[in-house]
Structures are given as C-alpha cells and as structure tokens.
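One file, model.txt, carrying compact mmCIF, C-alpha atoms (C1' of nucleotides):
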# COMPACT_ATOMS: atom_id res chain seq x y z
CA MET I 23 0.00 0.00 0.00
CA GLU I 24 1.41 3.33 -1.10
CA THR I 25 1.71 5.88 1.67
CA ARG I 26 0.24 9.32 1.33
CA LEU I 27 3.68 10.86 1.17
CA ALA I 28 4.82 8.49 -1.56
CA LEU I 29 1.66 9.19 -3.54
CA VAL I 30 2.23 12.94 -3.39
CA ARG I 31 5.87 12.60 -4.41
CA ARG I 32 4.98 10.36 -7.31
CA ALA I 33 2.29 12.78 -8.47
CA ARG I 34 4.75 15.66 -8.45
CA ARG I 35 7.28 13.66 -10.42
CA MET I 36 4.65 12.66 -12.95
CA ASN I 37 3.57 16.26 -13.35
CA ARG I 38 7.18 17.36 -13.83
CA ILE I 39 7.82 14.73 -16.48
CA LEU I 40 4.62 15.66 -18.28
CA ALA I 41 5.69 19.31 -18.20
CA GLU I 42 9.06 18.41 -19.73
CA THR I 43 7.48 16.13 -22.31
CA TYR I 44 4.78 18.60 -23.34
CA PRO I 45 6.27 22.03 -22.63
CA ASP I 46 3.75 23.75 -24.86
CA ALA I 47 0.61 21.89 -23.81
CA HIS I 48 -2.33 24.21 -24.27
CA CYS I 49 -5.99 24.42 -25.18
CA GLU I 50 -6.31 23.68 -28.87
CA LEU I 51 -9.44 25.80 -28.94
CA ASP I 52 -7.28 28.87 -28.82
CA PHE I 53 -9.78 31.60 -27.94
CA THR I 54 -9.27 34.15 -25.21
CA ASN I 55 -12.73 35.64 -25.69
CA PRO I 56 -15.00 33.88 -23.16
CA LEU I 57 -18.01 33.71 -25.46
CA GLU I 58 -15.97 32.31 -28.34
CA LEU I 59 -14.24 29.77 -26.13
CA LEU I 60 -17.55 28.75 -24.58
CA VAL I 61 -19.21 28.18 -27.95
CA ALA I 62 -16.16 26.39 -29.37
CA THR I 63 -16.02 24.12 -26.34
CA ILE I 64 -19.71 23.25 -26.63
CA LEU I 65 -19.01 22.30 -30.25
CA SER I 66 -16.04 20.15 -29.31
CA ALA I 67 -18.10 17.37 -27.71
CA GLN I 68 -17.27 14.09 -29.46
CA CYS I 69 -15.56 15.96 -32.26
CA THR I 70 -11.92 16.77 -33.02
CA ASP I 71 -10.73 20.27 -32.26
CA LYS I 72 -9.48 20.59 -35.82
CA ARG I 73 -13.00 20.20 -37.09
CA VAL I 74 -14.32 22.72 -34.59
CA ASN I 75 -11.69 25.18 -35.75
CA MET I 76 -12.92 24.80 -39.31
CA VAL I 77 -16.40 26.13 -38.54
CA THR I 78 -15.68 28.79 -35.91
CA PRO I 79 -14.61 31.55 -38.36
CA THR I 80 -17.94 31.34 -40.19
CA LEU I 81 -19.89 30.92 -36.96
CA PHE I 82 -18.25 33.82 -35.11
CA ALA I 83 -18.64 36.12 -38.13
CA LYS I 84 -22.35 35.44 -38.32
CA TYR I 85 -22.96 35.61 -34.55
CA PRO I 86 -20.64 38.23 -33.04
CA THR I 87 -22.54 38.71 -29.76
CA VAL I 88 -24.62 36.83 -27.21
CA GLU I 89 -27.74 38.52 -28.55
CA ASP I 90 -26.98 37.27 -32.05
CA TYR I 91 -26.83 33.68 -30.79
CA ALA I 92 -29.95 34.18 -28.69
CA ALA I 93 -31.92 35.34 -31.74
CA ALA I 94 -30.42 32.84 -34.16
CA ASP I 95 -32.45 30.72 -36.55
CA PRO I 96 -31.76 27.10 -35.51
CA SER I 97 -31.71 25.65 -39.00
CA GLU I 98 -29.22 28.26 -40.19
CA MET I 99 -26.92 27.54 -37.27
CA GLU I 100 -27.26 23.80 -37.81
CA GLY I 101 -26.08 24.29 -41.37
CA ILE I 102 -22.92 26.04 -40.20
CA ILE I 103 -21.97 23.58 -37.45
CA LYS I 104 -23.27 20.41 -39.09
CA SER I 105 -19.83 18.90 -39.68
CA THR I 106 -19.04 18.88 -35.97
CA GLY I 107 -21.73 16.26 -35.30
CA PHE I 108 -24.57 16.33 -32.77
CA PHE I 109 -25.55 19.54 -34.50
CA ARG I 110 -29.14 19.62 -33.30
CA ALA I 111 -28.27 19.25 -29.64
CA LYS I 112 -25.36 21.68 -30.00
CA THR I 113 -27.53 24.29 -31.69
CA ASN I 114 -30.09 24.00 -28.91
CA SER I 115 -27.32 24.27 -26.34
CA ILE I 116 -25.75 27.37 -27.91
CA ILE I 117 -29.02 29.22 -28.38
CA GLY I 118 -30.30 28.20 -24.93
CA MET I 119 -26.99 29.17 -23.35
CA ALA I 120 -27.06 32.57 -25.05
CA GLN I 121 -30.64 33.23 -24.00
CA ALA I 122 -29.77 32.38 -20.41
CA VAL I 123 -26.64 34.56 -20.46
CA SER I 124 -28.73 37.37 -21.89
CA ALA I 125 -31.57 37.00 -19.39
CA LYS I 126 -29.63 36.20 -16.23
CA HIS I 127 -26.23 37.81 -16.73
CA GLY I 128 -26.88 40.87 -18.85
CA GLY I 129 -25.29 39.31 -21.91
CA VAL I 130 -21.94 38.76 -20.18
CA VAL I 131 -20.51 35.25 -19.77
CA PRO I 132 -20.39 34.64 -16.00
CA ARG I 133 -17.11 33.94 -14.19
CA ARG I 134 -18.42 31.58 -11.57
CA LEU I 135 -18.46 27.81 -11.92
CA THR I 136 -21.96 27.49 -10.49
CA ASP I 137 -23.32 30.07 -12.94
CA LEU I 138 -21.58 28.48 -15.92
CA VAL I 139 -22.75 24.96 -15.09
CA ALA I 140 -26.31 26.25 -14.72
CA LEU I 141 -26.30 27.26 -18.40
CA PRO I 142 -27.94 24.84 -20.85
CA GLY I 143 -25.40 22.65 -22.64
CA VAL I 144 -22.60 23.64 -20.27
CA GLY I 145 -21.26 20.86 -18.08
CA ARG I 146 -18.46 20.87 -15.58
CA LYS I 147 -15.76 20.11 -18.12
CA THR I 148 -16.81 22.92 -20.47
CA ALA I 149 -17.16 25.34 -17.56
CA ASN I 150 -13.65 24.61 -16.32
CA VAL I 151 -12.21 25.04 -19.80
CA VAL I 152 -13.72 28.53 -19.98
CA LEU I 153 -12.64 29.40 -16.44
CA GLY I 154 -9.10 28.21 -16.98
CA ASN I 155 -8.39 29.40 -20.49
CA ALA I 156 -10.49 32.57 -20.82
CA PHE I 157 -10.74 33.85 -17.25
CA GLY I 158 -7.49 32.60 -15.77
CA VAL I 159 -9.27 30.81 -12.93
CA PRO I 160 -7.54 27.48 -12.16
CA GLY I 161 -9.68 24.47 -12.99
CA LEU I 162 -9.24 20.74 -13.60
CA THR I 163 -10.91 19.71 -16.86
CA VAL I 164 -11.99 16.14 -16.30
CA ASP I 165 -12.73 14.67 -19.70
CA THR I 166 -12.55 11.01 -20.72
CA HIS I 167 -8.76 11.14 -21.14
CA PHE I 168 -8.23 12.72 -17.75
CA GLN I 169 -10.51 10.21 -16.11
CA ARG I 170 -8.74 7.26 -17.71
CA LEU I 171 -5.24 8.50 -16.92
CA VAL I 172 -5.76 9.26 -13.24
CA ARG I 173 -7.15 5.77 -12.87
CA ARG I 174 -4.09 4.24 -14.55
CA PHE I 175 -1.82 6.45 -12.46
CA GLY I 176 -3.42 4.83 -9.44
CA TRP I 177 -4.68 8.16 -8.13
CA THR I 178 -8.39 7.29 -7.97
CA ASP I 179 -10.94 4.86 -9.36
CA GLU I 180 -13.75 7.36 -8.92
CA THR I 181 -15.87 8.11 -11.97
CA ASP I 182 -17.63 11.16 -10.58
CA PRO I 183 -15.78 14.22 -11.99
CA VAL I 184 -16.35 16.18 -8.78
CA LYS I 185 -14.66 13.48 -6.70
CA ILE I 186 -11.84 13.18 -9.23
CA GLU I 187 -11.28 16.93 -9.04
CA ARG I 188 -11.12 16.70 -5.26
CA VAL I 189 -8.54 13.89 -5.29
CA VAL I 190 -6.33 15.39 -8.00
CA GLY I 191 -6.74 18.87 -6.57
CA GLU I 192 -4.92 17.74 -3.45
CA LEU I 193 -2.02 16.30 -5.43
CA ILE I 194 -1.42 19.11 -7.93
CA PRO I 195 -0.82 22.77 -6.99
CA LYS I 196 -3.87 24.86 -7.76
CA ARG I 197 -2.11 27.36 -9.97
CA GLU I 198 -1.17 24.46 -12.30
CA TRP I 199 -4.59 22.89 -12.57
CA THR I 200 -5.34 24.26 -16.00
CA VAL I 201 -2.03 23.44 -17.66
CA PHE I 202 -1.85 20.11 -15.84
CA SER I 203 -5.18 19.18 -17.40
CA HIS I 204 -3.80 19.93 -20.85
CA ARG I 205 -0.66 17.90 -20.19
CA VAL I 206 -2.69 14.89 -19.09
CA ILE I 207 -5.01 15.15 -22.07
CA TRP I 208 -2.13 15.54 -24.51
CA HIS I 209 -0.49 12.47 -23.01
CA GLY I 210 -3.71 10.50 -23.32
CA ARG I 211 -4.04 11.48 -26.96
CA ARG I 212 -0.45 10.70 -27.89
CA ILE I 213 0.62 7.72 -25.76
CA CYS I 214 -1.76 6.53 -23.06
CA HIS I 215 -4.51 5.48 -25.48
CA ALA I 216 -7.75 3.93 -24.27
CA ARG I 217 -7.39 0.52 -25.94
CA THR I 218 -3.67 0.01 -26.46
CA PRO I 219 -1.48 2.38 -24.48
CA ALA I 220 2.03 2.78 -25.88
CA CYS I 221 3.72 1.85 -22.60
CA GLY I 222 6.94 1.06 -24.45
CA VAL I 223 7.56 4.71 -25.22
CA CYS I 224 5.88 6.23 -22.18
CA PRO I 225 8.00 8.68 -20.17
CA LEU I 226 5.94 7.82 -17.07
CA ALA I 227 6.54 4.07 -17.32
CA ALA I 228 8.71 3.81 -14.20
CA LEU I 229 6.12 5.65 -12.11
CA CYS I 230 2.97 4.04 -13.46
CA PRO I 231 1.28 1.19 -11.55
CA SER I 232 -0.56 0.18 -14.73
CA TYR I 233 2.64 -0.21 -16.73
CA GLY I 234 2.65 -3.50 -18.57
CA THR I 235 -0.79 -4.56 -17.38
CA GLY I 236 -2.48 -3.42 -20.57
CA PRO I 237 -2.53 -4.96 -24.02
CA THR I 238 0.69 -4.56 -25.97
CA GLU I 239 0.81 -3.20 -29.49
CA ALA I 240 1.98 -6.60 -30.74
CA ALA I 241 -0.87 -8.42 -29.05
CA LYS I 242 -3.28 -5.92 -30.47
CA ALA I 243 -1.93 -6.51 -33.96
CA ALA I 244 -2.46 -10.23 -33.45
CA LYS I 245 -5.96 -9.53 -32.14
CA LEU I 246 -5.36 -11.54 -29.02
CA VAL I 247 -6.30 -8.82 -26.63
CA ARG I 248 -8.95 -8.02 -24.14
CA PRO I 249 -8.15 -4.88 -22.18
CA GLY I 250 -8.07 -5.75 -18.50
CA PRO I 251 -8.39 -2.73 -16.21
CA PHE I 252 -8.40 -0.58 -19.32
CA SER I 253 -11.03 1.09 -21.38
C1' DA P 1 -15.16 -0.74 -36.86
C1' DT P 2 -13.70 2.81 -33.78
C1' DC P 3 -12.76 7.18 -32.12
C1' DC P 4 -13.26 12.23 -31.44
C1' DC P 5 -10.44 17.11 -24.92
C1' DG P 6 -19.47 15.87 -23.50
C1' DA P 7 -24.11 16.84 -21.81
C1' DG P 8 -28.76 15.73 -20.74
C1' DG P 9 -32.21 12.65 -19.79
C1' DG P 10 -34.31 8.23 -18.09
C1' DC N 23 -25.87 3.39 -14.25
C1' DC N 24 -27.76 3.37 -18.84
C1' DC N 25 -28.90 5.58 -23.31
C1' DT N 26 -29.02 9.04 -27.08
C1' DC N 27 -27.35 12.60 -30.00
C1' DT N 28 -24.15 13.04 -35.27
C1' DG N 29 -20.67 13.65 -38.94
C1' DG N 30 -16.07 12.91 -40.39
C1' DA N 31 -11.46 10.82 -40.23
C1' DT N 32 -8.65 6.79 -39.80
Take the structure in this file and express it as structure tokens.
Amino acid sequence: METRLALVRRARRMNRILAETYPDAHCELDFTNPLELLVATILSAQCTDKRVNMVTPTLFAKYPTVEDYAAADPSEMEGIIKSTGFFRAKTNSIIGMAQAVSAKHGGVVPRRLTDLVALPGVGRKTANVVLGNAFGVPGLTVDTHFQRLVRRFGWTDETDPVKIERVVGELIPKREWTVFSHRVIWHGRRICHARTPACGVCPLAALCPSYGTGPTEAAKAAKLVRPGPFS
DNA sequence: ATCCCGAGGG
DNA sequence: CCCTCTGGAT
C-alpha cells in the first residue's frame, strides 16, 4: 500500500515529467474571448478540435454577440456547425446558453463555476475550460482522457468528476490545474490510449502502476487482446 | 469498426 | 448506471 507521502511525491514527479514532455501543452481551442471559447467548447463534444476550428470563423462572423446567438435561426446555425456532429443538440445548447446569459447575466458570460454549469449545454468540463483558459481561474478539466489517466496512475478509481477533481486537486498545486489538465489530455491522446497504451515509449513508465498490465501493441496486432483494467 | 479534450435525460 | 445525440477521419 502506497503511503500518502509516496503518492504525493509520485504525483509531483509525474507532473514534472509531463511538463518536460509537453512544454507547450495548451488548449487547442485557442480563444481568449470567453463567449468564443464557450461556444467552441460546446461544439467540441465528441468531435476533433481541428473540425471545430474549421467552422468557428464562419460561426463567429455570423454571430458576433450573445444577442446574435440568442436570436439565431436554428436551421441556419445547424447548417454552419453540421460537420461537428450532434448539430441539433449543440444548436439547442448554444441558443439556450445565449438566451440564459442574456436574461440572467446581462449578456456577459459569468465567471463563476456554479453560474456556468447552470447554463444549458454547459457541463463541468466545459465550464472549467472557460474558467481556466479565458478567465485565468484554475480548474481541472476532467474529460474522458483525464478520467482514464488518473485511474491508470493509481490516483483514484472514482468516476464522478467532482470526486476526481477533489482527489487530484490535493495532489497538484492549484495554480497548475489548467495546464496540468492539458498535459494529461495531450499524453492521453499521444501515448496513453484507451485501448492500447504505448507503454513502451511512455515517459511515465517507471512511475505508473498500470505499466505493462495493458494490451501490448503486438498483441493488439495479433488480435489476441482483451483490455483488462483498461477502457 | 472505432474514435473524437461531452451533456442531458431516463 | 444506462442511453441518445451526429458527422467525419482513420
């Protein structure tokens, strides 16, 4: 059983290695404007950031302000964002979010987590992305990558994002929460994949309790694999 | 086939 | 906890 002290030390080392490995980890939805970042993040659900970035110029030109989104014609907006998938739900979310921001916050995107999460289509992950990357408020963005990695790191098996934030928040300094989230997510995208993690080239191998317990690339190629504690 | 830096509803 | 929503890339 790992002691609390050992756990904290290991977490700090992992964070340091991630920082060295991904020195320029950042939000790939590169908007400093809160409204733009909020809309782009809503669009990014189950869709690559590249594809989101292909529609945002057209979208932001047509809807420059909260009021423009609030008064938007749904079918027109669907046409613009169609290629990002889930376009009906996303259109409803964006218009509903804008109407709520207009009615409850005077057309200004709120800076508080509770206010952001209360907006239609805005969950905890999206809210923390906006807080961290547009408002400079530290936040852990617990997406599917983050969730998977902290489990493999042996930090927590919790699935509830709030509980995960609480556990990780005690291991990582608050002022690094935002960039730490990006490091973890970048690592998940590049090496610590859901099905077949590339443990052979992982810079965290020596510190990872899940090292070697997952399917190898060779086994995967031979189709002899069932991911154990993975997924 | 499987995945993409999710959210809402049952 | 489950399901659904969607198109595009690999």
Original post:
Can you list, as JSON, numbers by chain, every protein, DNA or RNA residue that comes within 8 Å of range 119-126 of chain I when you count all atoms listed in the file, leaving out same-chain residues fewer than 2 positions away?
Top reply: {"I": [88, 89, 91, 92, 115, 116, 117, 128, 129, 130, 131, 132, 141, 142, 143, 144]}
Find the residues of chain N that sit at most 9 Å from chain I; for each, write down the nearest two atoms and how far apart they are in Å, to one decimal. Count all atoms listed in the file. Sort by chain, then by number going up, and give it as a tab-separated table.
residue	atom	partner	partner_atom	distance
N:DC27	C1'	I:Phe108	CA	5.4
N:DT28	C1'	I:Gly107	CA	4.0
N:DG29	C1'	I:Gly107	CA	4.6
N:DG30	C1'	I:Ser105	CA	7.1
Keeping C-alpha atoms (C1' of nucleotides) for every residue in the selection just given, could you write it to a file as a compact mmCIF listing (two decimals), in the frame of the given file?
# COMPACT_ATOMS: atom_id res chain seq x y z
C1' DC N 27 -27.35 12.60 -30.00
C1' DT N 28 -24.15 13.04 -35.27
C1' DG N 29 -20.67 13.65 -38.94
C1' DG N 30 -16.07 12.91 -40.39
Original post:
Skipping near chain neighbours, those fewer than 2 positions away, what residues fall within 12 Å of Val223 in chain I using only C-alpha atoms (C1' of nucleotides), listed as a PyMOL selection string?
Top reply: chain I and resi 43+209+212-214+219-221+225-228+233-234+238-239
**OP:** Please identify all polymer residues lying at most 9 Å from the point (-11.4, 7.8, -34.3) (file coordinates), using only C-alpha atoms (C1' of nucleotides), and present the result as JSON, numbers by chain.
**Re:** {"P": [2, 3, 4], "N": [31, 32]}
Those residues you just picked out, can you put them in a file as a PDB file, in the frame of the given file with C-alpha atoms (C1' of nucleotides)?
ATOM      1  C1'  DT P   2     -13.700   2.810 -33.780  1.00  0.00           C
ATOM      2  C1'  DC P   3     -12.760   7.180 -32.120  1.00  0.00           C
ATOM      3  C1'  DC P   4     -13.260  12.230 -31.440  1.00  0.00           C
TER       4       DC P   4
ATOM      5  C1'  DA N  31     -11.460  10.820 -40.230  1.00  0.00           C
ATOM      6  C1'  DT N  32      -8.650   6.790 -39.800  1.00  0.00           C
TER       7       DT N  32
END
Compute the set of chain I residues within 9 Å of chain P, using all atoms listed in the file, and express it as a short mmCIF file (atom, residue, chain, number, x, y, z; two decimals) with C-alpha atoms, in the coordinates of the input.
data_model
loop_
_atom_site.label_atom_id
_atom_site.label_comp_id
_atom_site.auth_asym_id
_atom_site.auth_seq_id
_atom_site.Cartn_x
_atom_site.Cartn_y
_atom_site.Cartn_z
CA CYS I 49 -5.99 24.42 -25.18
CA GLU I 50 -6.31 23.68 -28.87
CA ILE I 64 -19.71 23.25 -26.63
CA SER I 66 -16.04 20.15 -29.31
CA ALA I 67 -18.10 17.37 -27.71
CA GLN I 68 -17.27 14.09 -29.46
CA CYS I 69 -15.56 15.96 -32.26
CA THR I 70 -11.92 16.77 -33.02
CA ASP I 71 -10.73 20.27 -32.26
CA PRO I 142 -27.94 24.84 -20.85
CA GLY I 143 -25.40 22.65 -22.64
CA VAL I 144 -22.60 23.64 -20.27
CA GLY I 145 -21.26 20.86 -18.08
CA LYS I 147 -15.76 20.11 -18.12
CA THR I 148 -16.81 22.92 -20.47
CA THR I 163 -10.91 19.71 -16.86
CA VAL I 164 -11.99 16.14 -16.30
CA ASP I 165 -12.73 14.67 -19.70
CA THR I 166 -12.55 11.01 -20.72
CA HIS I 167 -8.76 11.14 -21.14
CA PHE I 168 -8.23 12.72 -17.75
CA HIS I 204 -3.80 19.93 -20.85
CA ILE I 207 -5.01 15.15 -22.07
CA TRP I 208 -2.13 15.54 -24.51
CA ARG I 211 -4.04 11.48 -26.96
#
Would you compute the box with edges along x, y and z of the file around chain N, including every atom the file lists for it and 4 Å extra on each side, and give its centre and edge lengths in Å to one decimal, as lines of an AutoDock Vina configuration file?
center_x = -18.8
center_y = 8.5
center_z = -27.3
size_x = 28.4
size_y = 18.3
size_z = 34.1
Original post:
Expressed in Å to a single decimal, how great is the separation between CA of Ala62 in chain I and CA of Thr218 in chain I?
Top reply: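 Between CA of Ala62 in chain I and CA of Thr218 in chain I the gap is 29.3 Å.
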Subject >> Atom-to-atom span, CA of Arg197 in chain I and CA of Pro160 in chain I, Å >> reply: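 About the pair CA of Arg197 in chain I and CA of Pro160 in chain I: they are 5.9 Å apart.
One finds CA of Val151 in chain I at 11.5 Å from CA of Val139 in chain I.
Nearest-residue note for Arg31 in chain I: choosing from I:Ile194, I:Ser97, I:Thr200, I:Arg134, the minimum distance belongs to I:Ile194, counting all atoms listed in the file.
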Subject >> Residues within 12 Å of Val159 in chain I, only C-alpha atoms (C1' of nucleotides), excluding chain neighbours under 3 positions, as JSON, numbers by chain >> reply: {"I": [133, 134, 135, 149, 150, 151, 152, 153, 154, 155, 156, 162, 163, 196, 197, 198, 199, 200, 201]}
Where atoms are missing, can you supply all heavy atoms for range 137-148 of chain I and output the lot as a compact mmCIF listing (two decimals), in the coordinates of the input?
# COMPACT_ATOMS: atom_id res chain seq x y z
N ASP I 137 -22.52 29.38 -11.92
CA ASP I 137 -23.32 30.07 -12.94
C ASP I 137 -23.11 29.45 -14.31
O ASP I 137 -24.06 29.30 -15.09
CB ASP I 137 -22.94 31.56 -12.98
CG ASP I 137 -23.37 32.30 -11.73
OD1 ASP I 137 -24.36 31.86 -11.10
OD2 ASP I 137 -22.73 33.29 -11.37
N LEU I 138 -21.87 29.09 -14.61
CA LEU I 138 -21.58 28.48 -15.92
C LEU I 138 -22.28 27.13 -16.06
O LEU I 138 -22.91 26.84 -17.08
CB LEU I 138 -20.07 28.32 -16.09
CG LEU I 138 -19.31 29.60 -16.42
CD1 LEU I 138 -17.80 29.40 -16.24
CD2 LEU I 138 -19.61 30.05 -17.85
N VAL I 139 -22.16 26.30 -15.03
CA VAL I 139 -22.75 24.96 -15.09
C VAL I 139 -24.27 25.02 -15.18
O VAL I 139 -24.91 24.12 -15.72
CB VAL I 139 -22.29 24.14 -13.86
CG1 VAL I 139 -23.04 22.84 -13.77
CG2 VAL I 139 -20.81 23.87 -13.95
N ALA I 140 -24.85 26.10 -14.68
CA ALA I 140 -26.31 26.25 -14.72
C ALA I 140 -26.80 26.56 -16.13
O ALA I 140 -28.00 26.46 -16.41
CB ALA I 140 -26.76 27.34 -13.75
N LEU I 141 -25.90 26.93 -17.03
CA LEU I 141 -26.30 27.26 -18.40
C LEU I 141 -26.60 25.98 -19.18
O LEU I 141 -25.91 24.97 -19.01
CB LEU I 141 -25.19 28.03 -19.11
CG LEU I 141 -24.78 29.37 -18.48
CD1 LEU I 141 -23.53 29.91 -19.16
CD2 LEU I 141 -25.93 30.37 -18.56
N PRO I 142 -27.62 26.02 -20.04
CA PRO I 142 -27.94 24.84 -20.85
C PRO I 142 -26.76 24.43 -21.73
O PRO I 142 -26.13 25.28 -22.35
CB PRO I 142 -29.12 25.31 -21.72
CG PRO I 142 -29.59 26.58 -21.14
CD PRO I 142 -28.49 27.16 -20.31
N GLY I 143 -26.46 23.14 -21.77
CA GLY I 143 -25.40 22.65 -22.64
C GLY I 143 -24.00 22.83 -22.08
O GLY I 143 -23.02 22.45 -22.71
N VAL I 144 -23.91 23.42 -20.89
CA VAL I 144 -22.60 23.64 -20.27
C VAL I 144 -22.44 22.73 -19.07
O VAL I 144 -23.12 22.90 -18.06
CB VAL I 144 -22.42 25.11 -19.83
CG1 VAL I 144 -21.03 25.32 -19.22
CG2 VAL I 144 -22.63 26.04 -21.02
N GLY I 145 -21.55 21.77 -19.18
CA GLY I 145 -21.26 20.86 -18.08
C GLY I 145 -20.02 21.31 -17.35
O GLY I 145 -19.45 22.37 -17.63
N ARG I 146 -19.61 20.51 -16.42
CA ARG I 146 -18.46 20.87 -15.58
C ARG I 146 -17.17 20.98 -16.37
O ARG I 146 -16.33 21.84 -16.13
CB ARG I 146 -18.32 19.82 -14.48
CG ARG I 146 -17.69 20.36 -13.26
CD ARG I 146 -17.68 19.34 -12.14
NE ARG I 146 -16.83 19.83 -11.08
CZ ARG I 146 -17.24 20.67 -10.14
NH1 ARG I 146 -18.48 21.07 -10.11
NH2 ARG I 146 -16.39 21.10 -9.23
N LYS I 147 -16.97 20.09 -17.32
CA LYS I 147 -15.76 20.11 -18.12
C LYS I 147 -15.68 21.40 -18.94
O LYS I 147 -14.68 22.10 -18.93
CB LYS I 147 -15.73 18.88 -19.03
CG LYS I 147 -14.44 18.71 -19.82
CD LYS I 147 -14.60 19.26 -21.21
CE LYS I 147 -13.28 19.14 -21.97
NZ LYS I 147 -13.42 19.65 -23.35
N THR I 148 -16.76 21.70 -19.65
CA THR I 148 -16.81 22.92 -20.47
C THR I 148 -16.61 24.16 -19.59
O THR I 148 -15.86 25.07 -19.95
CB THR I 148 -18.15 23.00 -21.21
OG1 THR I 148 -18.27 21.88 -22.08
CG2 THR I 148 -18.25 24.28 -22.03
